[in-house]
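Below is structure24.txt, holding compact mmCIF, C-alpha atoms and all ligand atoms.
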```
# COMPACT_ATOMS: atom_id res chain seq x y z
CA MET A 1021 -7.32 44.36 34.14
CA PRO A 1022 -4.65 41.77 34.98
CA ASN A 1023 -1.45 43.14 36.48
CA GLN A 1024 0.93 44.04 33.66
CA ILE A 1025 3.74 45.32 35.85
CA ARG A 1026 6.83 43.23 35.21
CA PRO A 1027 10.38 43.42 36.60
CA GLN A 1028 13.46 43.36 34.39
CA PRO A 1029 14.12 39.95 32.81
CA GLY A 1030 16.03 37.58 35.08
CA ILE A 1031 15.31 39.34 38.40
CA MET A 1032 12.84 36.70 39.56
CA ASP A 1033 15.41 33.96 38.80
CA ILE A 1034 17.73 35.26 41.54
CA ALA A 1035 17.85 32.86 44.50
CA LEU A 1036 17.34 34.84 47.72
CA TYR A 1037 20.47 34.97 49.90
CA GLN A 1038 20.07 32.95 53.12
CA GLY A 1039 21.89 34.50 56.06
CA GLY A 1040 23.26 32.44 58.95
CA THR A 1041 20.55 31.46 61.44
CA SER A 1042 20.84 33.05 64.88
CA LYS A 1043 17.99 31.55 66.92
CA ILE A 1044 16.76 28.18 68.13
CA ALA A 1045 13.16 28.17 69.40
CA GLY A 1046 12.96 27.88 73.16
CA ARG A 1047 16.67 28.33 73.90
CA ASP A 1048 18.52 31.34 75.23
CA ASP A 1049 22.04 29.84 75.54
CA VAL A 1050 22.57 29.68 71.80
CA VAL A 1051 26.02 30.18 70.30
CA LYS A 1052 25.95 31.47 66.71
CA LEU A 1053 28.83 30.13 64.66
CA SER A 1054 27.17 30.49 61.27
CA SER A 1055 28.24 33.90 59.94
CA ASN A 1056 32.00 34.14 60.57
CA GLU A 1057 31.57 36.92 63.10
CA ASN A 1058 34.31 37.90 65.54
CA PRO A 1059 33.48 36.09 68.81
CA PHE A 1060 34.83 39.04 70.81
CA GLY A 1061 32.51 41.46 69.04
CA ALA A 1062 33.61 44.98 68.16
CA GLY A 1063 36.61 46.44 70.01
CA GLU A 1064 36.51 48.99 72.81
CA LEU A 1065 37.48 51.91 70.55
CA ALA A 1066 34.75 51.07 68.05
CA ARG A 1067 32.12 50.84 70.79
CA THR A 1068 33.14 54.21 72.19
CA ALA A 1069 33.01 55.79 68.73
CA TYR A 1070 29.56 54.27 68.22
CA GLN A 1071 28.24 55.97 71.35
CA ARG A 1072 29.80 59.29 70.40
CA ALA A 1073 28.23 59.07 66.93
CA GLY A 1074 24.81 59.21 68.62
CA LEU A 1075 25.34 62.90 69.34
CA ASP A 1076 25.51 63.76 65.63
CA LEU A 1077 22.49 62.00 64.21
CA HIS A 1078 21.07 65.19 62.70
CA ARG A 1079 24.18 65.82 60.59
CA TYR A 1080 24.52 64.59 57.04
CA PRO A 1081 27.63 62.48 56.60
CA SER A 1082 30.66 63.24 54.48
CA THR A 1083 30.07 62.35 50.84
CA ASP A 1084 33.69 61.68 49.92
CA HIS A 1085 34.64 59.59 52.98
CA ALA A 1086 38.00 61.41 52.95
CA SER A 1087 38.82 60.77 56.58
CA LEU A 1088 38.14 57.02 56.53
CA ARG A 1089 39.87 56.60 53.17
CA ALA A 1090 42.95 58.38 54.53
CA ALA A 1091 42.94 56.13 57.59
CA ILE A 1092 42.63 52.98 55.46
CA ALA A 1093 45.36 54.21 53.13
CA ALA A 1094 47.71 54.90 56.05
CA HIS A 1095 46.95 51.58 57.74
CA HIS A 1096 47.55 49.47 54.63
CA GLY A 1097 50.02 51.66 52.74
CA LEU A 1098 47.66 52.43 49.83
CA ASP A 1099 46.70 55.39 47.65
CA ALA A 1100 43.64 57.01 49.31
CA GLU A 1101 42.46 58.38 45.94
CA ARG A 1102 41.80 54.85 44.71
CA ILE A 1103 39.78 53.63 47.69
CA ILE A 1104 35.97 53.49 47.69
CA CYS A 1105 33.87 52.75 50.80
CA GLY A 1106 30.51 51.03 50.80
CA ALA A 1107 27.80 49.40 52.91
CA GLY A 1108 29.79 46.20 53.34
CA SER A 1109 31.98 44.83 50.59
CA ASP A 1110 28.66 43.53 49.25
CA GLU A 1111 27.92 47.05 48.03
CA ILE A 1112 31.29 47.23 46.25
CA ILE A 1113 30.54 43.87 44.59
CA THR A 1114 27.17 45.29 43.50
CA PHE A 1115 28.83 48.42 42.03
CA LEU A 1116 31.34 46.27 40.13
CA CYS A 1117 28.58 44.15 38.59
CA GLN A 1118 26.46 47.21 37.74
CA GLY A 1119 29.43 49.01 36.29
CA TYR A 1120 30.92 46.24 34.20
CA ALA A 1121 28.39 43.52 33.46
CA GLY A 1122 24.97 43.50 31.80
CA PRO A 1123 22.78 41.33 29.56
CA GLY A 1124 24.90 39.03 27.39
CA ASP A 1125 27.96 39.39 29.64
CA GLU A 1126 29.40 36.67 31.84
CA VAL A 1127 30.58 36.93 35.44
CA LEU A 1128 32.96 34.14 36.36
CA TYR A 1129 33.56 32.69 39.81
CA SER A 1130 34.68 29.40 41.23
CA GLN A 1131 32.66 26.31 42.13
CA HIS A 1132 32.36 26.97 45.87
CA GLY A 1133 32.56 30.75 45.56
CA PHE A 1134 30.62 33.32 47.60
CA LEU A 1135 26.94 33.44 46.62
CA MET A 1136 26.85 37.23 46.42
CA TYR A 1137 28.75 36.98 43.12
CA PRO A 1138 25.99 35.21 41.14
CA ILE A 1139 23.31 37.21 42.96
CA SER A 1140 24.91 40.56 42.04
CA ALA A 1141 25.70 39.38 38.51
CA MET A 1142 22.07 38.43 37.90
CA ALA A 1143 20.81 41.67 39.47
CA ALA A 1144 22.85 43.46 36.79
CA GLY A 1145 21.31 41.26 34.07
CA ALA A 1146 24.52 39.31 33.47
CA THR A 1147 25.05 35.54 33.43
CA PRO A 1148 27.01 33.95 36.29
CA VAL A 1149 29.39 31.18 35.21
CA LYS A 1150 31.05 28.71 37.59
CA ALA A 1151 34.49 27.15 37.03
CA PRO A 1152 35.47 23.96 38.88
CA GLU A 1153 37.84 23.97 41.85
CA ARG A 1154 40.55 21.44 42.62
CA GLU A 1155 40.27 19.85 46.06
CA ARG A 1156 38.07 22.73 47.25
CA THR A 1157 40.72 25.24 46.17
CA THR A 1158 40.61 27.93 43.48
CA ASP A 1159 41.90 26.47 40.20
CA VAL A 1160 43.46 29.21 38.07
CA ASP A 1161 43.67 26.98 34.99
CA ALA A 1162 39.95 26.19 35.24
CA LEU A 1163 39.10 29.89 35.56
CA LEU A 1164 41.27 30.75 32.56
CA ALA A 1165 39.68 27.93 30.55
CA ALA A 1166 36.19 29.24 31.39
CA ALA A 1167 36.95 32.87 30.48
CA THR A 1168 35.50 33.92 27.12
CA GLU A 1169 35.12 37.13 25.10
CA ARG A 1170 31.90 37.68 27.08
CA THR A 1171 33.61 37.48 30.52
CA LYS A 1172 33.63 40.94 32.12
CA LEU A 1173 34.40 40.08 35.74
CA VAL A 1174 36.10 37.25 37.61
CA PHE A 1175 35.57 37.01 41.37
CA VAL A 1176 38.08 35.14 43.51
CA ALA A 1177 37.84 35.18 47.30
CA ASN A 1178 41.27 34.53 48.79
CA PRO A 1179 41.03 32.96 51.35
CA ASN A 1180 37.77 31.54 50.04
CA ASN A 1181 34.50 31.19 51.93
CA PRO A 1182 33.19 28.54 52.73
CA THR A 1183 36.29 26.42 52.07
CA GLY A 1184 38.90 28.49 53.98
CA THR A 1185 41.55 27.56 51.41
CA MET A 1186 43.71 30.03 49.51
CA VAL A 1187 46.10 30.23 46.57
CA PRO A 1188 49.47 32.01 46.55
CA VAL A 1189 49.91 35.50 45.07
CA SER A 1190 51.91 33.97 42.20
CA GLU A 1191 48.74 32.14 41.11
CA LEU A 1192 46.67 35.34 41.30
CA GLU A 1193 49.33 37.04 39.21
CA ARG A 1194 49.16 34.28 36.61
CA LEU A 1195 45.37 34.68 36.52
CA ALA A 1196 45.52 38.46 36.14
CA ASP A 1197 48.11 38.23 33.38
CA ASN A 1198 46.29 35.65 31.28
CA LEU A 1199 42.66 36.80 31.40
CA PRO A 1200 41.07 38.21 28.23
CA PRO A 1201 41.74 41.95 27.80
CA GLN A 1202 38.16 43.04 28.67
CA THR A 1203 38.07 41.11 31.97
CA LEU A 1204 38.45 42.70 35.40
CA LEU A 1205 39.74 40.43 38.18
CA VAL A 1206 38.18 41.08 41.60
CA LEU A 1207 40.11 39.76 44.60
CA ASP A 1208 37.75 39.48 47.55
CA GLY A 1209 39.88 39.89 50.66
CA ALA A 1210 37.15 39.54 53.30
CA TYR A 1211 39.50 37.25 55.27
CA ALA A 1212 42.85 38.70 54.13
CA GLU A 1213 43.64 40.13 57.58
CA TYR A 1214 43.74 36.63 59.03
CA VAL A 1215 46.68 35.67 56.80
CA ASP A 1216 49.99 36.86 58.16
CA GLY A 1217 51.96 38.74 55.52
CA TYR A 1218 49.21 38.72 52.85
CA ASP A 1219 48.19 42.12 51.44
CA GLY A 1220 44.87 40.89 50.00
CA GLY A 1221 46.16 41.55 46.50
CA ALA A 1222 46.95 45.26 47.02
CA ALA A 1223 50.31 45.04 45.24
CA LEU A 1224 48.63 43.37 42.26
CA VAL A 1225 46.16 46.25 42.10
CA ASP A 1226 49.02 48.75 42.15
CA SER A 1227 50.94 47.05 39.36
CA ARG A 1228 48.06 46.34 36.97
CA GLU A 1229 45.06 47.95 35.29
CA ASN A 1230 42.81 44.88 35.53
CA VAL A 1231 42.73 44.02 39.25
CA VAL A 1232 40.41 45.29 42.01
CA MET A 1233 40.47 44.29 45.69
CA THR A 1234 37.51 44.30 48.08
CA ARG A 1235 37.83 44.32 51.87
CA THR A 1236 35.49 44.45 54.84
CA PHE A 1237 35.12 45.51 58.46
CA SER A 1238 32.62 42.67 59.01
CA LYS A 1239 35.01 39.89 59.96
CA LEU A 1240 38.23 40.64 61.88
CA TYR A 1241 36.97 44.04 63.06
CA GLY A 1242 33.72 42.58 64.36
CA LEU A 1243 31.47 45.12 62.64
CA GLY A 1244 29.21 42.92 60.51
CA GLY A 1245 26.11 44.65 61.82
CA LEU A 1246 27.40 48.10 60.92
CA ARG A 1247 27.80 47.33 57.18
CA ILE A 1248 31.10 48.75 56.10
CA GLY A 1249 33.53 47.59 53.46
CA TRP A 1250 35.80 49.09 50.84
CA GLY A 1251 37.40 48.53 47.49
CA TYR A 1252 40.80 49.42 46.01
CA GLY A 1253 41.43 49.58 42.30
CA PRO A 1254 43.05 51.33 39.36
CA ALA A 1255 41.97 54.96 38.75
CA HIS A 1256 39.84 54.08 35.70
CA VAL A 1257 37.76 51.66 37.79
CA LEU A 1258 37.31 54.17 40.62
CA GLN A 1259 35.98 56.66 38.06
CA VAL A 1260 33.22 54.18 37.30
CA LEU A 1261 32.43 53.00 40.82
CA ASN A 1262 32.26 56.53 42.22
CA ARG A 1263 29.53 57.35 39.70
CA LEU A 1264 27.42 54.44 40.91
CA ARG A 1265 27.87 55.14 44.61
CA GLY A 1266 25.12 57.18 46.27
CA PRO A 1267 26.57 60.37 47.81
CA PHE A 1268 25.33 59.40 51.28
CA ASN A 1269 25.77 55.63 51.08
CA LEU A 1270 27.47 55.57 54.51
CA SER A 1271 26.31 57.19 57.73
CA ASN A 1272 28.48 59.19 60.14
CA THR A 1273 28.23 56.22 62.48
CA GLN A 1274 29.57 53.76 59.92
CA LEU A 1275 32.43 56.06 58.93
CA ASP A 1276 33.50 57.00 62.48
CA VAL A 1277 33.23 53.54 63.97
CA ALA A 1278 35.17 51.93 61.13
CA GLU A 1279 37.94 54.49 61.50
CA ALA A 1280 38.14 53.85 65.25
CA ALA A 1281 38.24 50.09 64.67
CA LEU A 1282 41.24 50.42 62.35
CA GLY A 1283 43.21 52.04 65.14
CA ASP A 1284 42.38 49.43 67.79
CA ALA A 1285 45.65 47.49 67.67
CA ALA A 1286 44.95 45.62 70.91
CA HIS A 1287 41.59 44.27 69.73
CA ILE A 1288 43.02 43.34 66.32
CA SER A 1289 45.95 41.50 67.82
CA ARG A 1290 43.88 39.61 70.41
CA SER A 1291 41.34 38.61 67.74
CA LEU A 1292 44.07 37.30 65.42
CA THR A 1293 45.97 35.40 68.09
CA GLU A 1294 42.91 33.74 69.56
CA ASN A 1295 41.53 32.87 66.13
CA ALA A 1296 44.75 31.17 65.03
CA ARG A 1297 45.11 29.26 68.30
CA LEU A 1298 41.49 28.06 68.51
CA ARG A 1299 41.18 27.34 64.78
CA ASP A 1300 44.14 24.98 64.90
CA TRP A 1301 42.90 23.40 68.11
CA LEU A 1302 39.41 22.84 66.69
CA ALA A 1303 40.71 21.38 63.41
CA GLU A 1304 42.92 18.99 65.35
CA ARG A 1305 40.04 17.83 67.53
CA LEU A 1306 37.81 17.29 64.51
CA ASN A 1307 40.51 15.34 62.68
CA ALA A 1308 41.11 13.22 65.79
CA CYS A 1309 37.52 11.99 65.74
CA GLY A 1310 37.49 11.28 62.01
CA VAL A 1311 36.15 14.57 60.59
CA ALA A 1312 38.35 15.89 57.79
CA THR A 1313 39.23 19.57 57.31
CA ASP A 1314 41.36 21.49 54.82
CA THR A 1315 43.90 23.89 56.30
CA SER A 1316 41.88 27.04 56.89
CA PHE A 1317 43.38 30.50 56.44
CA ALA A 1318 40.30 32.30 57.77
CA ASN A 1319 38.14 32.45 60.92
CA PHE A 1320 36.16 29.29 60.23
CA VAL A 1321 36.74 25.61 59.59
CA LEU A 1322 34.99 23.51 56.96
CA ALA A 1323 34.22 20.15 58.55
CA ARG A 1324 33.73 17.37 56.01
CA PHE A 1325 31.67 14.28 56.82
CA ALA A 1326 31.27 10.92 55.09
CA SER A 1327 27.99 11.94 53.47
CA ALA A 1328 25.34 14.66 53.30
CA GLU A 1329 23.21 12.54 55.66
CA GLN A 1330 25.98 12.41 58.24
CA ALA A 1331 26.56 16.18 57.99
CA GLU A 1332 22.83 16.72 58.42
CA ALA A 1333 22.71 14.45 61.47
CA CYS A 1334 25.73 16.15 63.04
CA ASN A 1335 24.11 19.53 62.42
CA ALA A 1336 21.03 18.28 64.28
CA ALA A 1337 23.23 17.15 67.19
CA LEU A 1338 24.88 20.59 67.33
CA LEU A 1339 21.50 22.36 67.22
CA ALA A 1340 20.24 20.15 70.05
CA ASP A 1341 23.14 21.53 72.10
CA GLY A 1342 22.39 25.16 71.15
CA LEU A 1343 25.20 25.43 68.60
CA ILE A 1344 24.35 26.97 65.24
CA VAL A 1345 26.81 26.30 62.42
CA ARG A 1346 26.35 26.75 58.67
CA GLN A 1347 25.08 24.12 56.26
CA VAL A 1348 26.73 24.78 52.93
CA SER A 1349 24.82 22.68 50.41
CA SER A 1350 23.93 25.90 48.56
CA TYR A 1351 27.71 26.20 48.00
CA GLY A 1352 27.83 22.70 46.51
CA LEU A 1353 29.13 21.14 49.73
CA PRO A 1354 26.21 19.14 51.20
CA GLU A 1355 28.58 16.79 53.09
CA ALA A 1356 30.20 19.69 54.97
CA LEU A 1357 29.43 22.11 57.80
CA ARG A 1358 31.14 25.49 58.07
CA ILE A 1359 31.97 26.30 61.68
CA THR A 1360 33.05 29.80 62.70
CA VAL A 1361 35.90 29.78 65.20
CA GLY A 1362 34.22 31.01 68.37
CA ASP A 1363 35.74 31.80 71.75
CA GLU A 1364 37.36 29.03 73.76
CA SER A 1365 34.18 27.81 75.43
CA ALA A 1366 32.30 27.71 72.11
CA CYS A 1367 35.11 25.75 70.45
CA ARG A 1368 35.18 23.27 73.33
CA ARG A 1369 31.41 22.78 73.11
CA VAL A 1370 31.59 22.18 69.35
CA ALA A 1371 34.47 19.71 69.66
CA HIS A 1372 32.68 17.88 72.48
CA VAL A 1373 29.38 17.51 70.61
CA ILE A 1374 31.02 16.43 67.35
CA ALA A 1375 33.29 13.90 69.11
CA GLY A 1376 30.22 12.42 70.85
CA PHE A 1377 28.32 12.35 67.58
CA MET A 1378 31.15 10.60 65.71
CA GLU A 1379 31.48 8.02 68.47
CA GLY A 1380 27.86 7.07 67.91
CA GLN A 1381 28.55 6.64 64.18
CA GLY A 1382 30.57 3.49 64.86
C1 LIG A 1401 31.73 37.87 54.75
C2 LIG A 1401 32.19 38.00 53.35
C3 LIG A 1401 32.20 39.23 52.73
C4 LIG A 1401 31.87 40.47 53.48
O1 LIG A 1401 30.65 40.96 53.22
P1 LIG A 1401 30.27 42.37 53.84
O2 LIG A 1401 29.25 42.85 52.89
O3 LIG A 1401 31.50 43.22 53.82
O4 LIG A 1401 29.77 42.11 55.22
C5 LIG A 1401 32.65 39.32 51.42
N1 LIG A 1401 33.10 38.23 50.78
C6 LIG A 1401 33.15 37.03 51.37
C7 LIG A 1401 33.71 35.88 50.63
C8 LIG A 1401 32.67 36.88 52.67
O5 LIG A 1401 32.69 35.68 53.24
```
Please express the file's structure as C-alpha cells.
Ligand SMILES: *Cc1c(COP(=O)(O)O)cnc(C)c1O
Amino acid sequence: MPNQIRPQPGIMDIALYQGGTSKIAGRDDVVKLSSNENPFGAGELARTAYQRAGLDLHRYPSTDHASLRAAIAAHHGLDAERIICGAGSDEIITFLCQGYAGPGDEVLYSQHGFLMYPISAMAAGATPVKAPERERTTDVDALLAAATERTKLVFVANPNNPTGTMVPVSELERLADNLPPQTLLVLDGAYAEYVDGYDGGAALVDSRENVVMTRTFSKLYGLGGLRIGWGYGPAHVLQVLNRLRGPFNLSNTQLDVAEAALGDAAHISRSLTENARLRDWLAERLNACGVATDTSFANFVLARFASAEQAEACNAALLADGLIVRQVSSYGLPEALRITVGDESACRRVAHVIAGFMEGQG
C-alpha cells in the first residue's frame, strides 16, 4: 500500500527558516555577527538566576506567569492583565496567526519584513501577502493599499529587521486608524529597547482595540538561547491568545531568568551605550570606504554593496577572517549584508576586512 498519510494543504510549501550560521570549519576564533545577539551575553543577574533555577528542576512552572507579567508591567508601565509570555516572540506571532488567520485569509507584511510572518501565516493555512517598502522603509500607504476584506493581520517590525529603519509613531497611528475593521495590526518591537524614548507601540495598544505589540528578551537582554518573549494587546485579543497558549509553555528557568534580566539596569545601560557608540562608528567606517548604510535604529547595520556579486565576495572575505555576518537575499536584499554590532574588537575587525576588500574593488 502506498503511503496515504498527508499533511494539511500548504504545509509543505513553507520555506524552512534558516538561522544565522555560527561555525566555520577548522576555525575556533570565529565571531558570530549573524543573529543580532548581544555581544556582552546575558547580564550578571540573569546568569545568577539561571544557576539558581537549577535547584528547582523537579517543580512544574507557574501556568499564569503572574510574577514575570507583573515585573514587565512595572518596568514598562503596562497593564499586567493584558500581557502574555511565550517561548520567544516567535511563539506570540504563532498564536496570533493561529488565532486570527486561516485558509482564505491574508496576512500582510512589508517587502523586507521578518520571515517568521509568512512562515507562521502559512502554518495557520493563511496566505502571506507582501507590500512594497520605500527606500527599505515601511510604507504605510503601500500597506493600506494592499489591505483587503480578507486581511486579518498586518505585521510591522519597528525598527525593522533586516533593514534597521523605522517609521514614527504618527505613521503607525495612521496605519492603525485606516486598516479595514477586521484587521489586527501587530507591532513587532524586538528592537524597540534600542530606540530612546520609543515605547514599542504600547500607547497605541492602550488607546485602540486593533493593535498588538510583541517584544522579546532575545536581543537587548542577551537571552536568545533561553527563548522568552511577550505580547501586549487589548483584552479581547488576550482572551484568544491565552486559549492557544499551552499551560506550561515556559519553564521556571525561562520565567526566573527573564525577570532577573529586567532588573539588571547596569547591564541594560552598558549594552545600550556600547551598541549606539559602536553602531555609529561602524556605519561611518563603512560609508568612508564606499559601502552605503541606512540609519539603523537597532543593534545591526545593513551594509549595501554595488551588486549581489560584490556582497557575496565581501561575505567570503569576512568568512576568511572568521567573521560571520548575515546574507539577506531571502529578505529580497541580495546586494546587502546584515552585520550585528559586536563588541569593539569585533567591530574593528569587520571594518578592517571590509575596508581592505573595498580597496581591492578599485
Ligand atoms: C529577533 C527578532 C524577533 C525575536 O524573536 P524571538 O522569538 O523573541 O527570539 C522578533 N522579530 C524580529 C523582527 C526579530 O528580528
Non-local contacts of region 1214-1216 of chain A (9 Å; only C-alpha atoms; under 4 positions in same chain excluded) as a list in words:
Pro1179, Gly1220, Leu1240, Leu1292, Asn1295, Ala1296, Phe1317, Ala1318 and Asn1319 of chain A
Give one line per residue of chain A that approaches ligand LIG 1401 (chain A) to at most 10 Å, naming the two atoms of the closest pair and their distance in Å to one decimal, counting all atoms listed in the file; sort by chain then ascending residue number and deliver it as CSV.
```
residue,atom,partner,partner_atom,distance
A:Ser1055,CA,A:LIG1401,C1,7.4
A:Asn1056,CA,A:LIG1401,C1,6.9
A:Glu1057,CA,A:LIG1401,C1,8.4
A:Gly1106,CA,A:LIG1401,O3,8.4
A:Ala1107,CA,A:LIG1401,O2,6.7
A:Gly1108,CA,A:LIG1401,O2,3.4
A:Ser1109,CA,A:LIG1401,O3,3.6
A:Asp1110,CA,A:LIG1401,O2,3.7
A:Glu1111,CA,A:LIG1401,O2,6.6
A:Ile1112,CA,A:LIG1401,O2,8.2
A:Ile1113,CA,A:LIG1401,O2,8.5
A:Thr1114,CA,A:LIG1401,O2,9.9
A:Gly1133,CA,A:LIG1401,C7,7.3
A:Phe1134,CA,A:LIG1401,C7,5.0
A:Leu1135,CA,A:LIG1401,C7,8.2
A:Met1136,CA,A:LIG1401,N1,7.7
A:Tyr1137,CA,A:LIG1401,N1,8.9
A:Phe1175,CA,A:LIG1401,C7,9.5
A:Val1176,CA,A:LIG1401,C7,8.4
A:Ala1177,CA,A:LIG1401,C7,5.4
A:Asn1178,CA,A:LIG1401,C7,7.9
A:Pro1179,CA,A:LIG1401,C7,7.9
A:Asn1180,CA,A:LIG1401,C7,6.0
A:Asn1181,CA,A:LIG1401,C7,4.9
A:Pro1182,CA,A:LIG1401,O5,7.2
A:Thr1183,CA,A:LIG1401,C7,9.9
A:Gly1184,CA,A:LIG1401,O5,9.5
A:Leu1207,CA,A:LIG1401,N1,9.5
A:Asp1208,CA,A:LIG1401,N1,5.8
A:Gly1209,CA,A:LIG1401,N1,7.0
A:Ala1210,CA,A:LIG1401,C5,4.9
A:Tyr1211,CA,A:LIG1401,O5,7.3
A:Thr1234,CA,A:LIG1401,C5,7.7
A:Arg1235,CA,A:LIG1401,O3,6.7
A:Thr1236,CA,A:LIG1401,O3,4.3
A:Phe1237,CA,A:LIG1401,O3,6.3
A:Ser1238,CA,A:LIG1401,O4,4.8
A:Lys1239,CA,A:LIG1401,C1,6.5
A:Gly1242,CA,A:LIG1401,O4,10.0
A:Leu1243,CA,A:LIG1401,O4,8.2
A:Gly1244,CA,A:LIG1401,O4,5.4
A:Gly1245,CA,A:LIG1401,O4,8.0
A:Leu1246,CA,A:LIG1401,O4,8.6
A:Arg1247,CA,A:LIG1401,O4,5.9
A:Ile1248,CA,A:LIG1401,O3,6.0
A:Gly1249,CA,A:LIG1401,O3,4.8
A:Trp1250,CA,A:LIG1401,O3,7.9
A:Ala1318,CA,A:LIG1401,O5,9.5
A:Asn1319,CA,A:LIG1401,O5,10.0
```
Padding of 3 Å on every side, edges along x, y and z, all listed atoms of region 1357-1370 of chain A included: what centre and edge lengths in Å, to one decimal, does that box have, as lines of an AutoDock Vina configuration file?
```
center_x = 33.4
center_y = 27.0
center_z = 66.6
size_x = 13.9
size_y = 15.7
size_z = 23.6
```
Using all atoms listed in the file, find each residue of region 1142-1217 of chain A with at least one atom at most 12 Å away from an atom of region 1087-1097 of chain A; report its shortest atom-to-atom pair and that distance in Å (one decimal), sort the rows by chain and rising residue number, and return the result as CSV.
```
residue,atom,partner,partner_atom,distance
A:Ala1212,CA,A:His1096,CA,11.8
A:Glu1213,CA,A:His1096,CA,10.5
A:Gly1217,CA,A:His1096,CA,11.6
```
Neighbouring residues of Ser1349 (chain A) were defined as those with any atom within 12 Å, considering all atoms listed in the file; residues of the same chain fewer than 2 positions away were excluded. Please report them as a ChimeraX atom specification.
/A:1038,1131-1132,1135,1182,1324,1327-1329,1331-1332,1346-1347,1351-1358
Nearest to Tyr1241 (chain A) among A:Arg1263, A:Arg1067, A:Arg1026, A:Arg1047, with distances taken over only C-alpha atoms: which residue is it?
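Closest candidate: A:Arg1067.
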Mind listing whatever residues come within 12 Å of the point (27.6, 33.4, 69.8)? Use only C-alpha atoms, file coordinates, and give them as a ChimeraX atom specification.
/A:1040-1043,1048-1061,1342-1345,1359-1367,1369-1370
Same residues, C-alpha atoms, output as a PDB file, in the coordinates of the input:
```
ATOM      1  CA  GLY A1040      23.260  32.440  58.950  1.00  0.00           C
ATOM      2  CA  THR A1041      20.550  31.460  61.440  1.00  0.00           C
ATOM      3  CA  SER A1042      20.840  33.050  64.880  1.00  0.00           C
ATOM      4  CA  LYS A1043      17.990  31.550  66.920  1.00  0.00           C
ATOM      5  CA  ASP A1048      18.520  31.340  75.230  1.00  0.00           C
ATOM      6  CA  ASP A1049      22.040  29.840  75.540  1.00  0.00           C
ATOM      7  CA  VAL A1050      22.570  29.680  71.800  1.00  0.00           C
ATOM      8  CA  VAL A1051      26.020  30.180  70.300  1.00  0.00           C
ATOM      9  CA  LYS A1052      25.950  31.470  66.710  1.00  0.00           C
ATOM     10  CA  LEU A1053      28.830  30.130  64.660  1.00  0.00           C
ATOM     11  CA  SER A1054      27.170  30.490  61.270  1.00  0.00           C
ATOM     12  CA  SER A1055      28.240  33.900  59.940  1.00  0.00           C
ATOM     13  CA  ASN A1056      32.000  34.140  60.570  1.00  0.00           C
ATOM     14  CA  GLU A1057      31.570  36.920  63.100  1.00  0.00           C
ATOM     15  CA  ASN A1058      34.310  37.900  65.540  1.00  0.00           C
ATOM     16  CA  PRO A1059      33.480  36.090  68.810  1.00  0.00           C
ATOM     17  CA  PHE A1060      34.830  39.040  70.810  1.00  0.00           C
ATOM     18  CA  GLY A1061      32.510  41.460  69.040  1.00  0.00           C
ATOM     19  CA  GLY A1342      22.390  25.160  71.150  1.00  0.00           C
ATOM     20  CA  LEU A1343      25.200  25.430  68.600  1.00  0.00           C
ATOM     21  CA  ILE A1344      24.350  26.970  65.240  1.00  0.00           C
ATOM     22  CA  VAL A1345      26.810  26.300  62.420  1.00  0.00           C
ATOM     23  CA  ILE A1359      31.970  26.300  61.680  1.00  0.00           C
ATOM     24  CA  THR A1360      33.050  29.800  62.700  1.00  0.00           C
ATOM     25  CA  VAL A1361      35.900  29.780  65.200  1.00  0.00           C
ATOM     26  CA  GLY A1362      34.220  31.010  68.370  1.00  0.00           C
ATOM     27  CA  ASP A1363      35.740  31.800  71.750  1.00  0.00           C
ATOM     28  CA  GLU A1364      37.360  29.030  73.760  1.00  0.00           C
ATOM     29  CA  SER A1365      34.180  27.810  75.430  1.00  0.00           C
ATOM     30  CA  ALA A1366      32.300  27.710  72.110  1.00  0.00           C
ATOM     31  CA  CYS A1367      35.110  25.750  70.450  1.00  0.00           C
ATOM     32  CA  ARG A1369      31.410  22.780  73.110  1.00  0.00           C
ATOM     33  CA  VAL A1370      31.590  22.180  69.350  1.00  0.00           C
TER      34      VAL A1370
END
```
Using all atoms listed in the file, determine which residues lie at most 8 Å from Asp1341 (chain A), disregarding the query and same-chain residues fewer than 3 positions distant; provide the list as a PyMOL selection string.
chain A and resi 1337-1338+1373
So the first atom is CA of Arg1368 (chain A) and the second is CA of Thr1157 (chain A); what is the distance between them in Å, to one decimal place?
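So the two atoms, CA of Arg1368 (chain A) and CA of Thr1157 (chain A), lie 27.8 Å apart.
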So the first atom is CA of Ala1162 (chain A) and the second is CA of Lys1150 (chain A); what is the distance between them in Å, to one decimal place?
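Atom-to-atom, CA of Ala1162 (chain A) to CA of Lys1150 (chain A), that is 9.5 Å.
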Just give me the gap between CA of Ala1326 (chain A) and CA of Ala1308 (chain A) in Å, one decimal is fine.
14.7 Å
Top pick for closest residue to Leu1322 (chain A), considering A:Gly1063, A:Ser1082, A:Arg1299, A:Pro1254 and counting only C-alpha atoms
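Among the listed residues, the smallest separation from Leu1322 (chain A) belongs to A:Arg1299.
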Asp1284 (chain A): which residues within 12 Å, counting only C-alpha atoms, same-chain residues fewer than 2 positions away excluded, as an MDAnalysis selection string?
chainID A and resid 1062:1069 1095 1240:1242 1277:1282 1286:1291
